[in-house]
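Down below is the structure, laid out as structure tokens.
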Amino acid sequence: MLSATSAPVIEATLPVVADHLPAISDAFYATMLGENPDLLDLFSRSAQATGEQRSALAGAVAAFAAHLTGAEPAAIDHVVERIAHRHCALGVRPEQYTMVGRYLMGAIRDVLGDAVTPRVAAAWDEVYWLFAARLIGREARLFAQAGAGDGDPWLETTVVSKVTEAHDTVSFVLTPVGGGPAPAFRPGQYVTVAVDLPGNGRQLRQYSLSQAPTGGTLRVTVRRVRGTGDAPDGVVSGFLHDRVRPGDTLRLSRPYGDLTLRDDDTPLVLISAGVGITPMAAMLDHVARTRPSRDVTVAHADRGPDRHPLLAEITSHGSRLRSFRHLVWYERPAGAAHAYTGFLDPDLIPLAPRAEVYLCGPVPFMRLVRAGLHRRGVSDDRIRYEVFGSEQWQPARVAVSA
């Protein structure tokens, strides 16, 4: 809770800070990464190059400030949980919050100038540390639950096999070096893969686990990222596709992520686009193994049948269920049977009463689907989603981009 001294200051200055979030984010990252280039190992270079990363932290702090002033009372638990999981997957340490706070406050002063009086600076510093304390506490619990409480967040694994799933998409089956069971996880979670790139240092990327937890192996399914416009090719996905072979070693985080399947008999709708199918495949695999009587609908959109990963597995898992519907949309169907042409239409997806919906795919796709579900009466508490990259966490009233 904000102190009585800081609360009116934050209420008065939040709109100004929100209006300047892009500039604050740019100043923050430019200064912090310029003076501490080793921190680039924690960030996607492609996301930095395109500007995707830049509003995430400042937007999260602004969202938390809005929560503390009562403007956004309901959303912050979701924000904290998702960021805490992401930080654990990246190996963020508690001591790094001190440095981040210093650079963030410096960026606010640089951008807003004389408007940042000592009283304003103290109030925003209080907001930051309330937010940081909440994250640090949650991250400590997540590390402990994952078996990474000893300070080493990484797990060495051996690539057992590499399987082509579709055009530009491969799966890696992994097992811990030295034997032993793979870490436990819940369907829908992801791992971070850490790779050392020649001339580019260490880079970290998150990939969903694409099969149900079996105890013996982990599997990630990776689509090669092709750059378009000013965006570069994905250096990590390219490295994994071109350089990693069975028998090689990959360093992983433990599994994290809050888009996890609720294990009950509620009707389930899994909606994805592109490689967003990966957490859905793990969920469907798990349901087929443990609750074959559950009602499940799968809807997927892709560019064409040659781009559709894990299709055979989805069909196989679905065949083990008592009630299963499978809808597919292709932009270029190329003669594919039983597929719609064009973009996914939310109005055509069967929705059982009380159905719980999971979404994963590009942000514009999920916005479109979510809007369609809202039109059909599906409330937000029945829609869960996953975004990889730097999602904008800002609440509506302080949003820079939705």
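The chains in the structure tokens are called A, B, ... from first to last as shown; in each chain the residues are counted from 1, and the ligands are counted from 1 in the order shown.
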
**Request:** Quick one: pick out all strand (DSSP E) residues within range 111-213 of chain A from a backbone DSSP run and write them as an MDAnalysis selection string.
**Result:** chainID A and resid 154:166 169:176 190:197 201:208

**Request:** Considering only C-alpha atoms, return as a count of residues only whatever protein or nucleic-acid residues lie within 9 Å of Pro181 in chain A, sequence-local ones (same chain, fewer than 6 positions apart) excluded.
**Result:** 4

**Message:** If I take CA of Gln189 in chain A and CA of Tyr256 in chain A, how far is one from the other in Å, to one decimal?
**Reply:** 5.3 Å

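For the atom pair formed by CA of Pro8 in chain A and CA of Ala62 in chain A, the distance is 14.9 Å, given to one decimal.
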
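When the distance limit is 9 Å and only C-alpha atoms are what count, the residues near Val120 in chain A, minus those fewer than 5 positions from it on the same chain, are Ser6, Val9, Ile10, Thr13, Ala115 and Asp125 of chain A.
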
Selection above as a file: C-alpha atoms, as a PDB file, in the first residue's frame:
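And here's part28.pdb as it stands now:
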```pdb
ATOM      1  CA  SER A   6       2.978   9.357  -1.859  1.00  0.00           C
ATOM      2  CA  VAL A   9       1.574  12.496  -5.811  1.00  0.00           C
ATOM      3  CA  ILE A  10       1.191   9.295  -7.826  1.00  0.00           C
ATOM      4  CA  THR A  13       1.596  12.415 -11.942  1.00  0.00           C
ATOM      5  CA  ALA A 115       8.800  18.164 -13.104  1.00  0.00           C
ATOM      6  CA  ASP A 125      10.727   5.234  -6.003  1.00  0.00           C
TER       7      ASP A 125
END
```

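Using only C-alpha atoms, the shortest contact distance between Val296 in chain A and any of A:Pro255, A:Pro279, A:Ala352, A:Thr249 is found at A:Ala352.
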
**Prompt:** So which residues touch Met366 in chain A within 10 Å, counting only C-alpha atoms, skipping near sequence neighbours fewer than 4 positions away, as a PyMOL selection string?
**Reply:** chain A and resi 271-273+359-362+370-372+385-387

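For the pair CA of Arg245 in chain A and CA of Gly147 in chain A, the interatomic distance is 27.8 Å.
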
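If you count only C-alpha atoms and ignore residues fewer than 6 places along the chain from range 280-295 of chain A, what sits within 7 Å of it is Pro187, Gly188, Leu209, Ser210, Gln211, Ala212, Leu261, Asp265, Pro267, Leu268, Leu270, Ile314, His317, Arg320, Leu321, Arg322, Ser323 and Phe324 of chain A.
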
So that I have them on file, write out the residues from the current selection with N, CA and C atoms, as a compact mmCIF listing (two decimals), in the first residue's frame.
```txt
# COMPACT_ATOMS: atom_id res chain seq x y z
N PRO A 187 0.96 -28.79 -18.04
CA PRO A 187 0.71 -28.49 -19.46
C PRO A 187 0.43 -27.00 -19.66
N GLY A 188 1.14 -26.41 -20.62
CA GLY A 188 1.03 -24.98 -20.89
C GLY A 188 2.25 -24.20 -20.47
N LEU A 209 6.64 -26.07 -23.80
CA LEU A 209 6.78 -27.52 -23.83
C LEU A 209 5.60 -28.08 -24.61
N SER A 210 5.89 -28.89 -25.62
CA SER A 210 4.85 -29.25 -26.60
C SER A 210 4.33 -30.67 -26.44
N GLN A 211 4.66 -31.33 -25.35
CA GLN A 211 4.06 -32.63 -25.05
C GLN A 211 3.71 -32.67 -23.57
N ALA A 212 2.84 -33.59 -23.21
CA ALA A 212 2.43 -33.72 -21.82
C ALA A 212 3.60 -34.16 -20.95
N LEU A 261 -3.08 -25.62 -17.60
CA LEU A 261 -4.38 -26.25 -17.76
C LEU A 261 -5.00 -26.55 -16.41
N ASP A 265 -13.31 -31.09 -15.43
CA ASP A 265 -14.12 -31.58 -16.55
C ASP A 265 -14.84 -30.48 -17.31
N PRO A 267 -15.76 -28.01 -20.18
CA PRO A 267 -15.47 -28.05 -21.62
C PRO A 267 -14.30 -27.14 -21.96
N LEU A 268 -13.44 -27.60 -22.86
CA LEU A 268 -12.17 -26.95 -23.14
C LEU A 268 -12.10 -26.56 -24.60
N LEU A 270 -9.29 -24.86 -27.26
CA LEU A 270 -7.89 -24.52 -27.46
C LEU A 270 -7.77 -23.84 -28.82
N ILE A 314 -2.08 -33.77 -32.97
CA ILE A 314 -3.38 -33.23 -32.54
C ILE A 314 -4.50 -34.19 -32.93
N HIS A 317 -4.24 -37.37 -30.66
CA HIS A 317 -4.72 -37.12 -29.29
C HIS A 317 -6.24 -36.99 -29.29
N ARG A 320 -8.53 -40.04 -29.15
CA ARG A 320 -8.64 -40.77 -27.88
C ARG A 320 -9.68 -40.15 -26.95
N LEU A 321 -10.30 -39.05 -27.38
CA LEU A 321 -11.30 -38.37 -26.55
C LEU A 321 -12.71 -38.79 -26.96
N ARG A 322 -13.60 -38.76 -26.00
CA ARG A 322 -14.99 -39.12 -26.26
C ARG A 322 -15.69 -38.03 -27.06
N SER A 323 -15.33 -36.77 -26.85
CA SER A 323 -15.97 -35.65 -27.54
C SER A 323 -14.89 -34.69 -28.00
N PHE A 324 -14.66 -34.65 -29.34
CA PHE A 324 -13.56 -33.85 -29.87
C PHE A 324 -13.96 -33.25 -31.21
```

**Request:** Find the residues near Asp380 in chain A: any atom within 10 Å, counting only C-alpha atoms, skip ones fewer than 3 places away on the same chain, and give them as an MDAnalysis selection string.
**Result:** chainID A and resid 356:357 370 373:374 377 383:384

**Request:** Choose the residue, out of A:Ala107, A:Leu135, A:Ala312, A:Leu204, that has the smallest atom-to-atom separation from Phe28 in chain A; count only C-alpha atoms.
**Result:** A:Ala107

**Message:** For Ala194 in chain A, find every residue with an atom within 7 Å (counting only C-alpha atoms), except residues of its own chain fewer than 6 positions away, and show them as a PyMOL selection string.
**Reply:** chain A and resi 202-205+251-252

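Those residues of range 332-397 of chain A that DSSP, working from the backbone, places in alpha helix (DSSP H) are Val363, Pro364, Phe365, Met366, Arg367, Leu368, Val369, Arg370, Ala371, Gly372, Leu373, His374 and Arg375 of chain A.
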